[in-house]
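Listing of data.cif, mmCIF, C-alpha atoms
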```
data_entry
loop_
_atom_site.group_PDB
_atom_site.id
_atom_site.type_symbol
_atom_site.label_atom_id
_atom_site.label_comp_id
_atom_site.auth_asym_id
_atom_site.auth_seq_id
_atom_site.Cartn_x
_atom_site.Cartn_y
_atom_site.Cartn_z
ATOM 1 C CA MET D 1 6.550 51.757 -290.623
ATOM 2 C CA SER D 2 5.417 50.721 -287.206
ATOM 3 C CA ASP D 3 1.883 50.747 -285.925
ATOM 4 C CA GLN D 4 2.904 53.469 -283.510
ATOM 5 C CA THR D 5 3.913 55.877 -286.284
ATOM 6 C CA LEU D 6 0.853 55.062 -288.354
ATOM 7 C CA PHE D 7 -1.372 55.635 -285.342
ATOM 8 C CA TRP D 8 0.080 59.081 -284.794
ATOM 9 C CA ILE D 9 -0.144 60.022 -288.470
ATOM 10 C CA PHE D 10 -3.766 58.926 -288.804
ATOM 11 C CA GLY D 11 -4.724 60.253 -285.395
ATOM 12 C CA ILE D 12 -3.325 63.711 -286.013
ATOM 13 C CA LEU D 13 -4.857 63.816 -289.489
ATOM 14 C CA ALA D 14 -8.260 62.726 -288.179
ATOM 15 C CA GLY D 15 -8.287 65.219 -285.306
ATOM 16 C CA GLY D 16 -6.747 68.009 -287.352
ATOM 17 C CA GLY D 17 -9.212 67.493 -290.166
ATOM 18 C CA ALA D 18 -12.093 67.638 -287.706
ATOM 19 C CA ILE D 19 -10.748 70.865 -286.199
ATOM 20 C CA GLY D 20 -10.223 72.212 -289.711
ATOM 21 C CA VAL D 21 -13.901 71.674 -290.505
ATOM 22 C CA VAL D 22 -14.749 73.926 -287.578
ATOM 23 C CA ILE D 23 -12.110 76.597 -288.135
ATOM 24 C CA LEU D 24 -12.176 77.038 -291.908
ATOM 25 C CA GLN D 25 -14.779 79.403 -293.292
ATOM 26 C CA ASP D 26 -14.802 78.444 -296.968
ATOM 27 C CA ILE D 27 -17.316 75.636 -297.498
ATOM 28 C CA VAL D 28 -15.199 73.927 -300.174
ATOM 29 C CA ARG D 29 -12.154 73.813 -297.891
ATOM 30 C CA MET D 30 -14.365 72.464 -295.111
ATOM 31 C CA ALA D 31 -15.443 69.635 -297.409
ATOM 32 C CA PHE D 32 -11.818 68.809 -298.233
ATOM 33 C CA SER D 33 -10.903 68.847 -294.546
ATOM 34 C CA LEU D 34 -13.797 66.488 -293.876
ATOM 35 C CA ILE D 35 -12.478 64.109 -296.540
ATOM 36 C CA ILE D 36 -9.065 64.066 -294.814
ATOM 37 C CA SER D 37 -10.650 63.449 -291.416
ATOM 38 C CA LEU D 38 -12.920 60.605 -292.507
ATOM 39 C CA GLY D 39 -10.243 58.957 -294.623
ATOM 40 C CA SER D 40 -7.816 59.001 -291.709
ATOM 41 C CA THR D 41 -10.551 57.497 -289.549
ATOM 42 C CA ALA D 42 -10.632 54.584 -291.987
ATOM 43 C CA GLY D 43 -6.890 54.220 -291.413
ATOM 44 C CA LEU D 44 -7.492 54.148 -287.662
ATOM 45 C CA PHE D 45 -10.058 51.391 -288.172
ATOM 46 C CA PHE D 46 -7.479 49.356 -290.092
ATOM 47 C CA LEU D 47 -5.081 49.809 -287.176
ATOM 48 C CA LEU D 48 -7.810 48.544 -284.834
ATOM 49 C CA ASP D 49 -8.073 45.241 -286.779
ATOM 50 C CA ALA D 50 -11.496 46.229 -288.057
ATOM 51 C CA ASP D 51 -10.813 45.610 -291.735
ATOM 52 C CA PHE D 52 -14.427 45.279 -292.873
ATOM 53 C CA VAL D 53 -15.571 48.406 -291.043
ATOM 54 C CA ALA D 54 -12.622 50.338 -292.461
ATOM 55 C CA ALA D 55 -13.387 49.226 -296.005
ATOM 56 C CA THR D 56 -17.038 50.159 -295.498
ATOM 57 C CA GLN D 57 -15.971 53.520 -294.159
ATOM 58 C CA LEU D 58 -13.919 54.175 -297.281
ATOM 59 C CA LEU D 59 -16.571 52.906 -299.697
ATOM 60 C CA VAL D 60 -19.760 54.257 -298.157
ATOM 61 C CA TYR D 61 -18.587 57.301 -296.222
ATOM 62 C CA VAL D 62 -15.732 58.742 -298.238
ATOM 63 C CA GLY D 63 -16.954 57.373 -301.552
ATOM 64 C CA GLY D 64 -20.680 57.925 -301.164
ATOM 65 C CA THR D 65 -21.767 60.277 -298.428
ATOM 66 C CA LEU D 66 -19.005 62.805 -298.980
ATOM 67 C CA VAL D 67 -19.553 62.854 -302.731
ATOM 68 C CA LEU D 68 -23.209 63.566 -301.950
ATOM 69 C CA LEU D 69 -22.184 66.389 -299.607
ATOM 70 C CA ILE D 70 -19.845 67.844 -302.213
ATOM 71 C CA PHE D 71 -22.677 67.774 -304.736
ATOM 72 C CA GLY D 72 -24.655 69.765 -302.189
ATOM 73 C CA VAL D 73 -21.792 72.229 -301.870
ATOM 74 C CA MET D 74 -21.577 72.506 -305.638
ATOM 75 C CA LEU D 75 -25.312 73.161 -306.035
ATOM 76 C CA THR D 76 -25.608 75.717 -303.249
ATOM 77 C CA ALA D 77 -22.224 77.472 -303.019
ATOM 78 C CA SER D 78 -22.878 80.313 -305.393
ATOM 79 C CA GLY D 79 -21.329 83.717 -304.899
ATOM 80 C CA PRO D 80 -21.905 85.115 -301.412
ATOM 81 C CA PHE D 81 -22.986 81.824 -299.862
ATOM 82 C CA ARG D 82 -19.602 80.214 -300.339
ATOM 83 C CA ARG D 83 -18.403 81.721 -297.095
ATOM 84 C CA ILE D 84 -20.877 82.915 -294.493
ATOM 85 C CA GLN D 85 -18.979 84.688 -291.743
ATOM 86 C CA MET D 86 -19.722 84.494 -288.068
ATOM 87 C CA SER D 87 -19.313 87.504 -285.816
ATOM 88 C CA THR D 88 -16.184 87.504 -283.631
ATOM 89 C CA GLY D 89 -18.245 87.235 -280.454
ATOM 90 C CA GLU D 90 -19.897 84.059 -281.732
ATOM 91 C CA THR D 91 -16.484 82.688 -282.657
ATOM 92 C CA PHE D 92 -15.104 83.261 -279.158
ATOM 93 C CA ILE D 93 -18.158 81.773 -277.471
ATOM 94 C CA GLY D 94 -18.058 78.760 -279.765
ATOM 95 C CA ALA D 95 -14.354 78.185 -279.130
ATOM 96 C CA ALA D 96 -14.795 78.531 -275.355
ATOM 97 C CA VAL D 97 -17.754 76.158 -275.231
ATOM 98 C CA GLY D 98 -15.934 73.678 -277.443
ATOM 99 C CA LEU D 99 -12.778 73.739 -275.312
ATOM 100 C CA LEU D 100 -14.782 73.315 -272.115
ATOM 101 C CA PHE D 101 -16.778 70.460 -273.578
ATOM 102 C CA PHE D 102 -13.630 68.762 -274.830
ATOM 103 C CA SER D 103 -11.880 69.127 -271.480
ATOM 104 C CA VAL D 104 -14.873 67.549 -269.737
ATOM 105 C CA ILE D 105 -14.722 64.532 -272.045
ATOM 106 C CA ALA D 106 -10.911 64.354 -272.004
ATOM 107 C CA PHE D 107 -10.580 64.413 -268.219
ATOM 108 C CA THR D 108 -13.271 61.764 -267.930
ATOM 109 C CA VAL D 109 -11.547 59.537 -270.482
ATOM 110 C CA ILE D 110 -8.145 59.937 -268.829
ATOM 111 C CA ASP D 111 -9.420 59.397 -265.294
ATOM 112 C CA VAL D 112 -11.257 56.150 -265.945
ATOM 113 C CA GLU D 113 -9.237 52.949 -265.601
ATOM 114 C CA TRP D 114 -10.077 51.351 -268.927
ATOM 115 C CA GLU D 115 -7.727 48.442 -268.268
ATOM 116 C CA GLN D 116 -10.371 46.880 -266.050
ATOM 117 C CA LEU D 117 -12.415 46.228 -269.151
ATOM 118 C CA ASP D 118 -9.619 44.139 -270.643
ATOM 119 C CA GLY D 119 -10.511 40.545 -269.914
ATOM 120 C CA SER D 120 -7.937 37.915 -269.122
ATOM 121 C CA HIS D 121 -8.500 36.270 -272.498
ATOM 122 C CA ARG D 122 -7.658 37.871 -275.780
ATOM 123 C CA PRO D 123 -10.138 40.243 -277.404
ATOM 124 C CA VAL D 124 -12.557 38.506 -279.723
ATOM 125 C CA ALA D 125 -11.806 40.768 -282.651
ATOM 126 C CA ALA D 126 -8.112 39.911 -282.589
ATOM 127 C CA ALA D 127 -8.816 36.195 -282.382
ATOM 128 C CA ALA D 128 -11.224 36.395 -285.299
ATOM 129 C CA THR D 129 -8.584 38.219 -287.317
ATOM 130 C CA ASP D 130 -5.985 35.585 -286.610
ATOM 131 C CA GLU D 131 -8.025 32.505 -287.380
ATOM 132 C CA THR D 132 -10.174 33.505 -290.324
ATOM 133 C CA GLY D 133 -8.024 36.133 -291.982
ATOM 134 C CA GLY D 134 -10.389 38.992 -291.177
ATOM 135 C CA THR D 135 -13.505 40.069 -289.389
ATOM 136 C CA THR D 136 -15.667 39.876 -292.516
ATOM 137 C CA ARG D 137 -16.867 36.313 -291.950
ATOM 138 C CA ALA D 138 -17.698 36.873 -288.282
ATOM 139 C CA ILE D 139 -19.566 40.103 -289.001
ATOM 140 C CA GLY D 140 -21.452 38.556 -291.894
ATOM 141 C CA LEU D 141 -22.543 35.570 -289.816
ATOM 142 C CA ARG D 142 -23.670 37.911 -287.108
ATOM 143 C CA LEU D 143 -25.701 39.980 -289.545
ATOM 144 C CA ILE D 144 -27.650 36.930 -290.680
ATOM 145 C CA GLY D 145 -28.366 35.950 -287.092
ATOM 146 C CA ILE D 146 -25.653 33.450 -286.202
ATOM 147 C CA PRO D 147 -23.299 34.318 -283.348
ATOM 148 C CA ALA D 148 -20.055 33.189 -284.895
ATOM 149 C CA ASP D 149 -17.777 33.139 -281.900
ATOM 150 C CA THR D 150 -18.503 29.528 -280.965
ATOM 151 C CA GLU D 151 -17.254 28.367 -284.337
ATOM 152 C CA ILE D 152 -13.898 30.034 -284.082
ATOM 153 C CA GLY D 153 -13.188 28.653 -280.654
ATOM 154 C CA VAL D 154 -13.649 31.723 -278.531
ATOM 155 C CA HIS D 155 -15.686 31.409 -275.387
ATOM 156 C CA ARG D 156 -18.656 33.735 -275.306
ATOM 157 C CA ASN D 157 -20.136 34.349 -271.888
ATOM 158 C CA SER D 158 -23.452 35.912 -272.833
ATOM 159 C CA GLY D 159 -26.371 33.693 -273.769
ATOM 160 C CA GLU D 160 -27.664 35.629 -276.769
ATOM 161 C CA LYS D 161 -28.485 33.609 -279.846
ATOM 162 C CA THR D 162 -30.177 35.970 -282.221
ATOM 163 C CA GLY D 163 -27.331 38.053 -283.583
ATOM 164 C CA TYR D 164 -28.296 41.124 -285.574
ATOM 165 C CA LEU D 165 -30.828 39.802 -288.070
ATOM 166 C CA LEU D 166 -33.685 42.072 -286.963
ATOM 167 C CA PRO D 167 -31.652 45.336 -286.961
ATOM 168 C CA PHE D 168 -30.249 44.336 -290.341
ATOM 169 C CA GLU D 169 -33.736 43.948 -291.809
ATOM 170 C CA ILE D 170 -34.917 47.177 -290.195
ATOM 171 C CA VAL D 171 -31.975 49.028 -291.712
ATOM 172 C CA SER D 172 -32.762 47.495 -295.092
ATOM 173 C CA VAL D 173 -36.357 48.726 -294.992
ATOM 174 C CA HIS D 174 -35.121 52.070 -293.679
ATOM 175 C CA LEU D 175 -32.795 52.433 -296.650
ATOM 176 C CA LEU D 176 -35.657 51.703 -299.036
ATOM 177 C CA VAL D 177 -37.843 54.320 -297.345
ATOM 178 C CA VAL D 178 -34.994 56.830 -297.464
ATOM 179 C CA LEU D 179 -34.460 56.140 -301.161
ATOM 180 C CA VAL D 180 -38.120 56.782 -301.939
ATOM 181 C CA GLY D 181 -38.243 59.801 -299.621
ATOM 182 C CA ALA D 182 -35.136 61.451 -301.034
ATOM 183 C CA ALA D 183 -36.359 60.914 -304.587
ATOM 184 C CA TYR D 184 -39.737 62.398 -303.653
ATOM 185 C CA LEU D 185 -38.191 65.416 -301.953
ATOM 186 C CA ALA D 186 -35.921 66.084 -304.904
ATOM 187 C CA ARG D 187 -38.878 65.761 -307.306
ATOM 188 C CA ALA D 188 -41.335 67.927 -305.434
ATOM 189 C CA LYS D 189 -39.380 71.102 -305.902
ATOM 190 C CA ARG D 190 -39.417 70.746 -309.679
ATOM 191 C CA HIS D 191 -43.217 70.597 -309.596
ATOM 192 C CA GLU D 192 -43.393 73.729 -307.485
ATOM 193 C CA THR D 193 -41.094 75.737 -309.716
ATOM 194 C CA SER D 194 -42.901 74.611 -312.875
ATOM 195 C CA GLU D 195 -46.241 75.545 -311.316
ATOM 196 C CA ALA D 196 -44.834 78.885 -310.216
ATOM 197 C CA THR D 197 -43.512 79.724 -313.651
ATOM 198 C CA GLY D 198 -46.783 78.525 -315.177
ATOM 199 C CA GLY D 199 -48.701 80.824 -312.839
ATOM 200 C CA ASP D 200 -46.503 83.743 -313.807
ATOM 201 C CA ALA D 201 -47.033 83.095 -317.473
ATOM 202 C CA MET K 1 1.710 57.550 -275.114
ATOM 203 C CA ASP K 2 0.965 54.735 -277.503
ATOM 204 C CA ALA K 3 -1.957 53.394 -279.510
ATOM 205 C CA SER K 4 -3.947 52.648 -276.369
ATOM 206 C CA LEU K 5 -7.679 52.798 -275.815
ATOM 207 C CA THR K 6 -7.378 56.194 -274.131
ATOM 208 C CA ASN K 7 -5.769 57.777 -277.174
ATOM 209 C CA TYR K 8 -8.432 56.433 -279.501
ATOM 210 C CA LEU K 9 -11.101 57.779 -277.165
ATOM 211 C CA LEU K 10 -9.379 61.175 -277.159
ATOM 212 C CA ILE K 11 -9.346 61.254 -280.973
ATOM 213 C CA GLY K 12 -13.023 60.353 -280.938
ATOM 214 C CA ALA K 13 -13.638 63.143 -278.435
ATOM 215 C CA VAL K 14 -11.880 65.665 -280.692
ATOM 216 C CA MET K 15 -14.053 64.666 -283.643
ATOM 217 C CA PHE K 16 -17.220 64.686 -281.536
ATOM 218 C CA VAL K 17 -16.599 68.123 -280.034
ATOM 219 C CA SER K 18 -15.609 69.541 -283.427
ATOM 220 C CA GLY K 19 -18.854 68.236 -284.866
ATOM 221 C CA VAL K 20 -20.953 69.682 -282.066
ATOM 222 C CA VAL K 21 -19.295 73.098 -282.349
ATOM 223 C CA CYS K 22 -19.654 72.941 -286.131
ATOM 224 C CA MET K 23 -23.360 72.165 -285.827
ATOM 225 C CA ALA K 24 -23.908 74.943 -283.309
ATOM 226 C CA THR K 25 -21.936 77.792 -284.869
ATOM 227 C CA LYS K 26 -22.014 77.396 -288.648
ATOM 228 C CA ARG K 27 -24.700 79.214 -290.544
ATOM 229 C CA ASN K 28 -24.275 77.278 -293.783
ATOM 230 C CA GLY K 29 -26.729 74.382 -293.925
ATOM 231 C CA ILE K 30 -24.268 72.055 -295.636
ATOM 232 C CA ALA K 31 -21.689 72.849 -292.935
ATOM 233 C CA VAL K 32 -24.202 71.775 -290.282
ATOM 234 C CA LEU K 33 -24.558 68.471 -292.134
ATOM 235 C CA MET K 34 -20.771 68.085 -292.062
ATOM 236 C CA GLY K 35 -20.903 68.573 -288.287
ATOM 237 C CA VAL K 36 -23.406 65.724 -288.016
ATOM 238 C CA GLU K 37 -21.082 63.468 -290.011
ATOM 239 C CA LEU K 38 -18.198 64.341 -287.684
ATOM 240 C CA VAL K 39 -20.235 63.527 -284.580
ATOM 241 C CA LEU K 40 -21.276 60.150 -285.968
ATOM 242 C CA ASN K 41 -17.687 59.388 -286.931
ATOM 243 C CA GLY K 42 -16.369 60.237 -283.488
ATOM 244 C CA ALA K 43 -18.882 57.804 -282.020
ATOM 245 C CA ASN K 44 -17.750 55.205 -284.564
ATOM 246 C CA VAL K 45 -14.126 55.546 -283.480
ATOM 247 C CA ASN K 46 -15.202 54.854 -279.909
ATOM 248 C CA PHE K 47 -17.246 51.806 -280.916
ATOM 249 C CA VAL K 48 -14.430 50.211 -282.887
ATOM 250 C CA ALA K 49 -11.818 51.052 -280.260
ATOM 251 C CA PHE K 50 -13.888 49.411 -277.523
ATOM 252 C CA SER K 51 -14.444 46.426 -279.787
ATOM 253 C CA ARG K 52 -10.689 45.960 -280.193
ATOM 254 C CA HIS K 53 -9.324 46.847 -276.778
ATOM 255 C CA THR K 54 -11.845 45.150 -274.533
ATOM 256 C CA SER K 55 -13.344 41.688 -274.343
ATOM 257 C CA LEU K 56 -16.700 42.927 -275.596
ATOM 258 C CA GLY K 57 -16.294 41.263 -278.976
ATOM 259 C CA LEU K 58 -17.313 42.251 -282.463
ATOM 260 C CA ASP K 59 -20.585 43.877 -281.436
ATOM 261 C CA GLY K 60 -19.041 47.333 -281.549
ATOM 262 C CA GLN K 61 -17.989 46.839 -285.145
ATOM 263 C CA VAL K 62 -21.483 45.707 -286.147
ATOM 264 C CA VAL K 63 -23.002 48.745 -284.440
ATOM 265 C CA SER K 64 -20.542 51.032 -286.220
ATOM 266 C CA LEU K 65 -21.600 49.465 -289.539
ATOM 267 C CA PHE K 66 -25.204 50.351 -288.741
ATOM 268 C CA VAL K 67 -24.103 53.882 -287.862
ATOM 269 C CA ILE K 68 -22.328 54.255 -291.199
ATOM 270 C CA VAL K 69 -25.403 53.086 -293.128
ATOM 271 C CA LEU K 70 -27.767 55.326 -291.165
ATOM 272 C CA ALA K 71 -25.427 58.289 -291.653
ATOM 273 C CA ALA K 72 -25.522 57.753 -295.399
ATOM 274 C CA ALA K 73 -29.327 57.651 -295.331
ATOM 275 C CA GLU K 74 -29.458 60.755 -293.164
ATOM 276 C CA ALA K 75 -27.137 62.644 -295.488
ATOM 277 C CA ALA K 76 -29.297 61.804 -298.510
ATOM 278 C CA VAL K 77 -32.539 63.036 -296.942
ATOM 279 C CA ALA K 78 -30.965 66.079 -295.278
ATOM 280 C CA LEU K 79 -29.328 67.084 -298.545
ATOM 281 C CA ALA K 80 -32.650 66.828 -300.375
ATOM 282 C CA ILE K 81 -34.178 69.074 -297.697
ATOM 283 C CA ALA K 82 -31.267 71.520 -297.968
ATOM 284 C CA LEU K 83 -31.638 71.725 -301.745
ATOM 285 C CA ASN K 84 -35.369 72.345 -301.381
ATOM 286 C CA PHE K 85 -34.599 75.088 -298.862
ATOM 287 C CA TYR K 86 -32.118 76.612 -301.300
ATOM 288 C CA ASN K 87 -34.672 76.534 -304.091
ATOM 289 C CA ASN K 88 -37.337 78.187 -301.978
ATOM 290 C CA TYR K 89 -35.239 80.856 -300.235
ATOM 291 C CA GLN K 90 -32.356 81.335 -302.717
ATOM 292 C CA THR K 91 -29.907 81.019 -299.831
ATOM 293 C CA ILE K 92 -28.379 78.244 -297.726
ATOM 294 C CA ASP K 93 -28.114 80.425 -294.605
ATOM 295 C CA ILE K 94 -30.167 78.556 -292.026
ATOM 296 C CA ASP K 95 -30.779 81.752 -290.036
ATOM 297 C CA LYS K 96 -33.084 82.801 -292.876
ATOM 298 C CA GLY K 97 -35.345 79.805 -292.284
ATOM 299 C CA ASP K 98 -37.337 81.425 -289.487
ATOM 300 C CA LYS K 99 -40.823 81.191 -290.963
ATOM 301 C CA LEU K 100 -42.039 78.984 -288.105
ATOM 302 C CA GLN K 101 -40.660 81.348 -285.456
ATOM 303 C CA GLY K 102 -43.392 82.547 -283.121
#
```

What does the file become when written as structure tokens?
Amino acid sequence: MSDQTLFWIFGILAGGGAIGVVILQDIVRMAFSLIISLGSTAGLFFLLDADFVAATQLLVYVGGTLVLLIFGVMLTASGPFRRIQMSTGETFIGAAVGLLFFSVIAFTVIDVEWEQLDGSHRPVAAAATDETGGTTRAIGLRLIGIPADTEIGVHRNSGEKTGYLLPFEIVSVHLLVVLVGAAYLARAKRHETSEATGGDA
Amino acid sequence: MDASLTNYLLIGAVMFVSGVVCMATKRNGIAVLMGVELVLNGANVNFVAFSRHTSLGLDGQVVSLFVIVLAAAEAAVALAIALNFYNNYQTIDIDKGDKLQG
């Protein structure tokens, strides 16, 4: 199957899944539509030669974040809250605003001459894919602070030398804080309910 | 029409607008979270597409990795908040959370 066909399949699935999240009313079907959309996005990343980002998308997003969201659906979607209807007026206004917003973005995207951004030399991502068998090594070197492009023979015009070590560390600390915070938030409610029941008794 | 930069940007625009409309119109708290995920993913498509189709290098892919990680963190905290809301109000309808309304 050619890249062209795969692009259309994944593109239509990604866009259609995103539209399905908006249109569907049942929260469980919305979650399934979101799975289709994000999984197809991973396919688009593979088509864009971004193998590491696509694998991360599948592992972290589809495998982690969406499972978390579906747990949320499971814990809260009881009885009448499974589908909360909007009024028809809200639906029309939402659709109109969405279409207008999309047409603004779409006309802007189509009008701009993106080809000017294409340099005379080959894109760095493609070169990295050819010479090292993937973008993983280049991304990893960049995350520990080494700009890797000089090693794989691609000229880099900017003079930056630091890479992404500082953002990487900040994200690491941020993840730790989020872990503690989410655990605390999930624990606090149990205290409240036990105190409430104790007060009632 | 082929797999050009413009088409990737259009797909990203569809996901972004769907997420914004989802965030603005849905009354289910979990559905609002799904809208946030869609917005972040539309931005990710743009980042990776620019990284591939221009001479800007791998920086877009690194930024999209950070976005994925931060989205996971955001989903964890927001879900904890949503579950607390559900425990306190016995509903997930965010229109019911108007205690701070003046």

Open item on the list: Which residues would end up in the selection if the PyMOL selection byres ((chain K and resi 91-94) around 6) were applied here, given that I need the answer as a PyMOL selection string?
Closed with: chain K and resi 27-29+86+89-90+95-97

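Near segment 84-86 of chain D, within 12 Å and counting only C-alpha atoms, sit D:Val22, D:Ile23, D:Leu24, D:Gln25, D:Asp26, D:Ile27, D:Ala77, D:Ser78, D:Gly79, D:Thr91, D:Phe92, D:Ile93, D:Gly94, K:Cys22, K:Ala24, K:Thr25, K:Lys26, K:Arg27, K:Asn28, K:Gly29, K:Ile30, K:Ala31, K:Thr91, K:Ile92, K:Asp93, K:Ile94, K:Asp95, not including residues fewer than 5 positions from it in the same chain.
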
I need the chosen residues saved as a JSON list (two decimals), in the frame of the given file, with C-alpha atoms.
```
[["chain", "number", "residue", "atom", "x", "y", "z"],
["D", 22, "VAL", "CA", -14.75, 73.93, -287.58],
["D", 23, "ILE", "CA", -12.11, 76.60, -288.14],
["D", 24, "LEU", "CA", -12.18, 77.04, -291.91],
["D", 25, "GLN", "CA", -14.78, 79.40, -293.29],
["D", 26, "ASP", "CA", -14.80, 78.44, -296.97],
["D", 27, "ILE", "CA", -17.32, 75.64, -297.50],
["D", 77, "ALA", "CA", -22.22, 77.47, -303.02],
["D", 78, "SER", "CA", -22.88, 80.31, -305.39],
["D", 79, "GLY", "CA", -21.33, 83.72, -304.90],
["D", 91, "THR", "CA", -16.48, 82.69, -282.66],
["D", 92, "PHE", "CA", -15.10, 83.26, -279.16],
["D", 93, "ILE", "CA", -18.16, 81.77, -277.47],
["D", 94, "GLY", "CA", -18.06, 78.76, -279.76],
["K", 22, "CYS", "CA", -19.65, 72.94, -286.13],
["K", 24, "ALA", "CA", -23.91, 74.94, -283.31],
["K", 25, "THR", "CA", -21.94, 77.79, -284.87],
["K", 26, "LYS", "CA", -22.01, 77.40, -288.65],
["K", 27, "ARG", "CA", -24.70, 79.21, -290.54],
["K", 28, "ASN", "CA", -24.28, 77.28, -293.78],
["K", 29, "GLY", "CA", -26.73, 74.38, -293.92],
["K", 30, "ILE", "CA", -24.27, 72.06, -295.64],
["K", 31, "ALA", "CA", -21.69, 72.85, -292.94],
["K", 91, "THR", "CA", -29.91, 81.02, -299.83],
["K", 92, "ILE", "CA", -28.38, 78.24, -297.73],
["K", 93, "ASP", "CA", -28.11, 80.42, -294.60],
["K", 94, "ILE", "CA", -30.17, 78.56, -292.03],
["K", 95, "ASP", "CA", -30.78, 81.75, -290.04]]
```

Task: Neighbours of chain D in chain K at 6 Å, counting all atoms listed in the file, as a ChimeraX atom specification - done: /K:11,14-15,18,21-22,52,54-55,57-58,72,77,80

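Counting from atom CA of Ala82 of chain K, the distance to atom CA of Leu33 of chain K is 9.4 Å.
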
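Note that atom CA of Val20 of chain K and atom CA of Phe85 of chain K are 22.3 Å apart.
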
TODO: Identify the residues around (-25.2, 65.9, -292.8) within a radius of 8 Å, measuring from all atoms listed in the file in the coordinates stated by the file, and give them as an MDAnalysis selection string.
DONE: (chainID D and resid 69) or (chainID K and resid 30:37 71 74:75 78:79)

Next, write the just-selected residues to a file, as a PDB file, in the coordinates of the input, keeping C-alpha atoms as the atom set.
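Output (selection_4.pdb):
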```
ATOM      1  CA  LEU D  69     -22.184  66.389-299.607  1.00  0.00           C
TER       2      LEU D  69
ATOM      3  CA  ILE K  30     -24.268  72.055-295.636  1.00  0.00           C
ATOM      4  CA  ALA K  31     -21.689  72.849-292.935  1.00  0.00           C
ATOM      5  CA  VAL K  32     -24.202  71.775-290.282  1.00  0.00           C
ATOM      6  CA  LEU K  33     -24.558  68.471-292.134  1.00  0.00           C
ATOM      7  CA  MET K  34     -20.771  68.085-292.062  1.00  0.00           C
ATOM      8  CA  GLY K  35     -20.903  68.573-288.287  1.00  0.00           C
ATOM      9  CA  VAL K  36     -23.406  65.724-288.016  1.00  0.00           C
ATOM     10  CA  GLU K  37     -21.082  63.468-290.011  1.00  0.00           C
ATOM     11  CA  ALA K  71     -25.427  58.289-291.653  1.00  0.00           C
ATOM     12  CA  GLU K  74     -29.458  60.755-293.164  1.00  0.00           C
ATOM     13  CA  ALA K  75     -27.137  62.644-295.488  1.00  0.00           C
ATOM     14  CA  ALA K  78     -30.965  66.079-295.278  1.00  0.00           C
ATOM     15  CA  LEU K  79     -29.328  67.084-298.545  1.00  0.00           C
TER      16      LEU K  79
END
```

Supply segment 8-21 of chain D as a CSV table (one decimal), in the frame of the given file, with N, CA and C atoms built in where the input has gaps.
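New file selection13.csv:
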```csv
chain,number,residue,atom,x,y,z
D,8,TRP,N,0.0,57.6,-285.0
D,8,TRP,CA,0.1,59.1,-284.8
D,8,TRP,C,-0.3,59.8,-286.1
D,9,ILE,N,0.2,59.3,-287.2
D,9,ILE,CA,-0.1,60.0,-288.5
D,9,ILE,C,-1.7,60.1,-288.7
D,10,PHE,N,-2.3,58.9,-288.6
D,10,PHE,CA,-3.8,58.9,-288.8
D,10,PHE,C,-4.5,59.7,-287.7
D,11,GLY,N,-4.0,59.6,-286.5
D,11,GLY,CA,-4.7,60.3,-285.4
D,11,GLY,C,-4.7,61.8,-285.5
D,12,ILE,N,-3.5,62.3,-285.9
D,12,ILE,CA,-3.3,63.7,-286.0
D,12,ILE,C,-4.1,64.2,-287.2
D,13,LEU,N,-4.1,63.4,-288.3
D,13,LEU,CA,-4.9,63.8,-289.5
D,13,LEU,C,-6.4,63.8,-289.2
D,14,ALA,N,-6.8,62.8,-288.5
D,14,ALA,CA,-8.3,62.7,-288.2
D,14,ALA,C,-8.7,63.9,-287.3
D,15,GLY,N,-7.9,64.1,-286.2
D,15,GLY,CA,-8.3,65.2,-285.3
D,15,GLY,C,-8.1,66.6,-286.0
D,16,GLY,N,-7.0,66.7,-286.7
D,16,GLY,CA,-6.7,68.0,-287.4
D,16,GLY,C,-7.8,68.3,-288.4
D,17,GLY,N,-8.2,67.3,-289.2
D,17,GLY,CA,-9.2,67.5,-290.2
D,17,GLY,C,-10.5,67.9,-289.5
D,18,ALA,N,-10.8,67.3,-288.4
D,18,ALA,CA,-12.1,67.6,-287.7
D,18,ALA,C,-12.0,69.1,-287.2
D,19,ILE,N,-10.9,69.5,-286.7
D,19,ILE,CA,-10.7,70.9,-286.2
D,19,ILE,C,-10.8,71.8,-287.4
D,20,GLY,N,-10.2,71.4,-288.5
D,20,GLY,CA,-10.2,72.2,-289.7
D,20,GLY,C,-11.6,72.5,-290.2
D,21,VAL,N,-12.5,71.5,-290.1
D,21,VAL,CA,-13.9,71.7,-290.5
D,21,VAL,C,-14.5,72.8,-289.7
```
